[in-house]
Amino acid sequence: MSTSPAISRRDVGFRSDRGPILIALMVVTGLIAIDSTILATAVASVVNDLGGFSSFPWLFSVYLLAQAVSVPIYAKLADTIGRRPVLLFGIAVFFIGSVLSGVAPTMSMLILFRALQGLGAGALLPVSITIAGDLYSTAERAKVQGYLASVWAISSVVGPTLGGVFSQFVSWRWIFFVNVPLCVLAVVLLLRNYKEKAGVRTKHRIDFVGGVTLTVGLTALLLALLEGGEAWAWLSWQSILVFAGAALFLAGAVAVELRAPEPILPIRMFRRRLVLSTTLVSAGVGAILIGLTSYVPNFLERTAGASPLVAGLAVAALTLGWPLAASNAGRLYLRFGFRPTVLIGTVLAAGSALLLLSVTGADSVLLTAGACLLIGLGLGLTATPALIAAQSSVGYAERGVVTGANLFARSIGSAVGVAIFGAVANSVLAGRVTAPATTSASGAVFLGVVVAGVLTIGAAVFMPAVRADVAPAPAAAEPA
């Protein structure tokens, strides 16, 4: 039996020839990692300054939607015009979106600029993963994963903490301005150290029709969920019209994707039970994650009187538990298999979410942080094995598509999840922003998280048994 050669830290570390590029990829990863948690702790400050509490879920939904639908397009462009120009373009768009978000005068403008920021973010993760795959072998990526996972672990603490510090002592606007020096640093490192080799590129047909119909359909769905019961009654003609439009465009997207030579979302791939089940698990993970990171800080600030900084640390417990569990998940799925490991993770996450329903009073901060830590551990044991199981079931030619579909599902799960949770919260609040109303709304959201967890358990049960005697290295850009 052949074994992989020993890879020293010097070969793949900062002191190697590829070290400066690795640092650049870590900085790019940091942009996504920090941005995924820094805003949640500032929601109360943003609402107090700009108003529009009922609209704040759009800050998350529109960003995630823009990011999700642009990922497949950027991935194909990276093959046609090169990795570096696409990544630099994404950083530039993310930079502009961050600056405009920082100076946004109204909630509506902030939501618009968050969409622009999401369009830039859509290039950062897939192209970074591709560059890491180009530069490092499978054995080397196992080591590289440690460096990149450390970025997520550090960002899980730094992001919420910075959000709390800026909101409490400076201004929430700095949660966007902090991206400026990171973007500049990433561009400088890439321009100075990453010289992409020219080679024969495969010509691809970009599925713009599928991308447009899918985007319009999902946007209409989010609009119907977030504005129903607010801008119009649920059973009004406006609501029915928007839901019907969403269904029409989504059905059209499916029809387009079934006929497209290179679909943006390969529908036929989901006929495979393993791919379908792991994709559903990923969508559930996205919904659970966004439901907690979006509402826990606001819940603690309004019910327990916690400062933005303290509320941010409670969320940090969730995002810290994820990479800790993900980095050790391999021991479980190599010994017990993928499905048992995913089931352990989903049961742990859903069961821990039940604890949030009983959180009240002065101890709510510590109890919430403890529950979030357990949920994060559960998600770490769920997402990584599910993704690797899907990757293990296909060959090299399909591995990128399967990985992209998994990340796409997680983003869509988050976008639709926060829309549903926002609709639930707005229905409970009914225009009131008082502590009792906030408690009831948050309780309804936490119940929704539990339901999402139960559905994710169902998807995990649907997974076929897959041997994991030899598993490939995890995706090299986030603690999946």
# chains A, B, ... in the order shown; residues from 1 in each chain; ligands from 1
call {"tool": "residues_around", "arguments": {"residues": "Ile111 (chain A)", "least_positions_apart": "2", "cutoff": "12 Å", "atoms": "only C-alpha atoms", "output": "VMD selection string"}}
result
chain A and resid 46 50 52 55 to 66 97 to 98 100 to 102 104 to 109 113 to 118
call {"tool": "residues_around", "arguments": {"residues": "Ala349 (chain A)", "least_positions_apart": "5", "cutoff": "8 Å", "atoms": "only C-alpha atoms", "output": "list in words"}}
result
Leu374, Ile375, Gly376, Leu377, Gly378, Leu379 and Gly453 of chain A
call {"tool": "closest_residue", "arguments": {"among": "A:Cys372, A:Val93, A:Val365, A:Ala383", "to": "Thr346 (chain A)", "atoms": "only C-alpha atoms"}}
result
A:Ala383
call {"tool": "closest_residue", "arguments": {"among": "A:Val170, A:Leu39, A:Ala390, A:Ile412", "to": "Gln67 (chain A)", "atoms": "only C-alpha atoms"}}
result
A:Ile412
call {"tool": "closest_residue", "arguments": {"among": "A:Thr41, A:Ser36, A:Thr130, A:Ser282", "to": "Asp79 (chain A)", "atoms": "only C-alpha atoms"}}
result
A:Thr130
call {"tool": "select_by_dssp", "arguments": {"residues": "region 244-339 of chain A", "states": "alpha helix (DSSP H)", "output": "MDAnalysis selection string"}}
result
chainID A and resid 244:259 273:303 308:326 329:336 338:339
call {"tool": "closest_residue", "arguments": {"among": "A:Leu226, A:Val71, A:Ala371, A:Ala121", "to": "Ser358 (chain A)", "atoms": "only C-alpha atoms"}}
result
A:Ala371
call {"tool": "residues_around", "arguments": {"residues": "region 445-448 of chain A", "least_positions_apart": "3", "cutoff": "9 Å", "atoms": "only C-alpha atoms", "output": "list in words"}}
result
Ile288, Gly291, Leu292, Tyr295, Val296, Ala353, Leu354, Leu356, Leu357, Ile420, Phe421, Gly422, Val424, Ala425, Ser440, Ala441, Ser442, Val451, Ala452 and Gly453 of chain A
call {"tool": "write_last_selection", "arguments": {"atoms": "N, CA and C atoms", "output": "CSV table (one decimal), in the first residue's frame"}}
result
chain,number,residue,atom,x,y,z
A,288,ILE,N,-29.6,27.0,10.2
A,288,ILE,CA,-29.4,27.0,11.6
A,288,ILE,C,-28.4,28.1,12.0
A,291,GLY,N,-29.8,31.7,11.5
A,291,GLY,CA,-30.8,32.0,12.5
A,291,GLY,C,-30.3,32.4,13.8
A,292,LEU,N,-29.2,31.8,14.2
A,292,LEU,CA,-28.6,32.1,15.5
A,292,LEU,C,-27.7,33.3,15.5
A,295,TYR,N,-29.9,36.5,15.3
A,295,TYR,CA,-30.9,36.9,16.3
A,295,TYR,C,-30.4,36.8,17.8
A,296,VAL,N,-29.4,36.0,18.0
A,296,VAL,CA,-28.8,35.9,19.4
A,296,VAL,C,-28.3,37.2,19.9
A,353,ALA,N,-30.1,23.4,20.5
A,353,ALA,CA,-30.9,24.6,20.2
A,353,ALA,C,-32.2,24.6,21.1
A,354,LEU,N,-32.6,23.4,21.6
A,354,LEU,CA,-33.7,23.4,22.6
A,354,LEU,C,-33.4,24.1,23.8
A,356,LEU,N,-32.0,26.9,24.1
A,356,LEU,CA,-32.2,28.4,23.9
A,356,LEU,C,-33.7,28.7,24.2
A,357,LEU,N,-34.6,27.8,24.1
A,357,LEU,CA,-36.0,28.1,24.3
A,357,LEU,C,-36.3,28.3,25.8
A,420,ILE,N,-37.3,33.5,6.4
A,420,ILE,CA,-38.3,32.9,7.1
A,420,ILE,C,-38.3,33.3,8.6
A,421,PHE,N,-37.1,33.3,9.2
A,421,PHE,CA,-37.0,33.7,10.6
A,421,PHE,C,-37.4,35.1,10.8
A,422,GLY,N,-37.0,36.0,9.8
A,422,GLY,CA,-37.4,37.4,9.9
A,422,GLY,C,-38.9,37.5,9.8
A,424,VAL,N,-41.2,35.4,10.7
A,424,VAL,CA,-41.7,34.9,12.0
A,424,VAL,C,-41.5,36.0,13.1
A,425,ALA,N,-40.3,36.5,13.2
A,425,ALA,CA,-40.1,37.6,14.2
A,425,ALA,C,-40.9,38.8,14.0
A,440,SER,N,-40.5,37.1,22.9
A,440,SER,CA,-41.4,36.2,22.2
A,440,SER,C,-40.9,36.0,20.7
A,441,ALA,N,-40.4,37.0,20.1
A,441,ALA,CA,-40.0,36.9,18.7
A,441,ALA,C,-38.7,36.0,18.6
A,442,SER,N,-37.8,36.2,19.5
A,442,SER,CA,-36.6,35.4,19.5
A,442,SER,C,-36.9,33.9,19.9
A,451,VAL,N,-36.7,23.4,14.5
A,451,VAL,CA,-37.4,22.7,13.4
A,451,VAL,C,-36.4,22.4,12.3
A,452,ALA,N,-35.5,23.5,12.0
A,452,ALA,CA,-34.5,23.3,10.9
A,452,ALA,C,-33.6,22.2,11.3
A,453,GLY,N,-33.2,22.1,12.6
A,453,GLY,CA,-32.3,21.0,13.0
A,453,GLY,C,-33.0,19.6,12.9
call {"tool": "closest_residue", "arguments": {"among": "A:Gly217, A:Leu276, A:Ile264, A:Arg271", "to": "Ala246 (chain A)", "atoms": "only C-alpha atoms"}}
result
A:Gly217
call {"tool": "atom_distance", "arguments": {"atom1": "CA of Leu455 (chain A)", "atom2": "CA of Ser155 (chain A)"}}
result
28.8 Å
call {"tool": "decode", "arguments": {"residues": "region 29-64 of chain A", "atoms": "C-alpha atoms", "output": "mmCIF file, in the first residue's frame"}}
result
data_model
loop_
_atom_site.group_PDB
_atom_site.id
_atom_site.type_symbol
_atom_site.label_atom_id
_atom_site.label_comp_id
_atom_site.auth_asym_id
_atom_site.auth_seq_id
_atom_site.Cartn_x
_atom_site.Cartn_y
_atom_site.Cartn_z
ATOM 1 C CA THR A 29 -10.342 33.967 3.694
ATOM 2 C CA GLY A 30 -10.279 36.371 6.627
ATOM 3 C CA LEU A 31 -12.420 38.848 4.680
ATOM 4 C CA ILE A 32 -15.213 36.274 4.375
ATOM 5 C CA ALA A 33 -14.729 34.833 7.849
ATOM 6 C CA ILE A 34 -14.848 38.153 9.699
ATOM 7 C CA ASP A 35 -17.700 39.511 7.590
ATOM 8 C CA SER A 36 -19.814 36.445 8.378
ATOM 9 C CA THR A 37 -20.038 37.350 12.081
ATOM 10 C CA ILE A 38 -19.135 41.002 12.568
ATOM 11 C CA LEU A 39 -22.497 42.454 11.466
ATOM 12 C CA ALA A 40 -24.714 40.383 13.763
ATOM 13 C CA THR A 41 -23.490 42.126 16.913
ATOM 14 C CA ALA A 42 -24.194 45.556 15.417
ATOM 15 C CA VAL A 43 -27.793 45.005 14.308
ATOM 16 C CA ALA A 44 -29.265 46.843 17.314
ATOM 17 C CA SER A 45 -26.958 49.828 16.731
ATOM 18 C CA VAL A 46 -27.775 49.914 13.014
ATOM 19 C CA VAL A 47 -31.519 49.827 13.724
ATOM 20 C CA ASN A 48 -31.213 52.529 16.389
ATOM 21 C CA ASP A 49 -29.364 54.758 13.909
ATOM 22 C CA LEU A 50 -31.172 54.048 10.635
ATOM 23 C CA GLY A 51 -34.467 52.528 11.800
ATOM 24 C CA GLY A 52 -36.188 49.765 9.862
ATOM 25 C CA PHE A 53 -36.136 46.878 12.341
ATOM 26 C CA SER A 54 -38.511 44.872 10.157
ATOM 27 C CA SER A 55 -36.086 45.230 7.234
ATOM 28 C CA PHE A 56 -32.858 44.212 8.940
ATOM 29 C CA PRO A 57 -33.086 40.532 7.867
ATOM 30 C CA TRP A 58 -32.500 41.840 4.348
ATOM 31 C CA LEU A 59 -28.976 42.835 5.446
ATOM 32 C CA PHE A 60 -28.168 39.129 5.676
ATOM 33 C CA SER A 61 -30.480 37.704 3.002
ATOM 34 C CA VAL A 62 -29.466 39.990 0.161
ATOM 35 C CA TYR A 63 -25.757 39.507 0.893
ATOM 36 C CA LEU A 64 -26.062 35.723 1.011
#
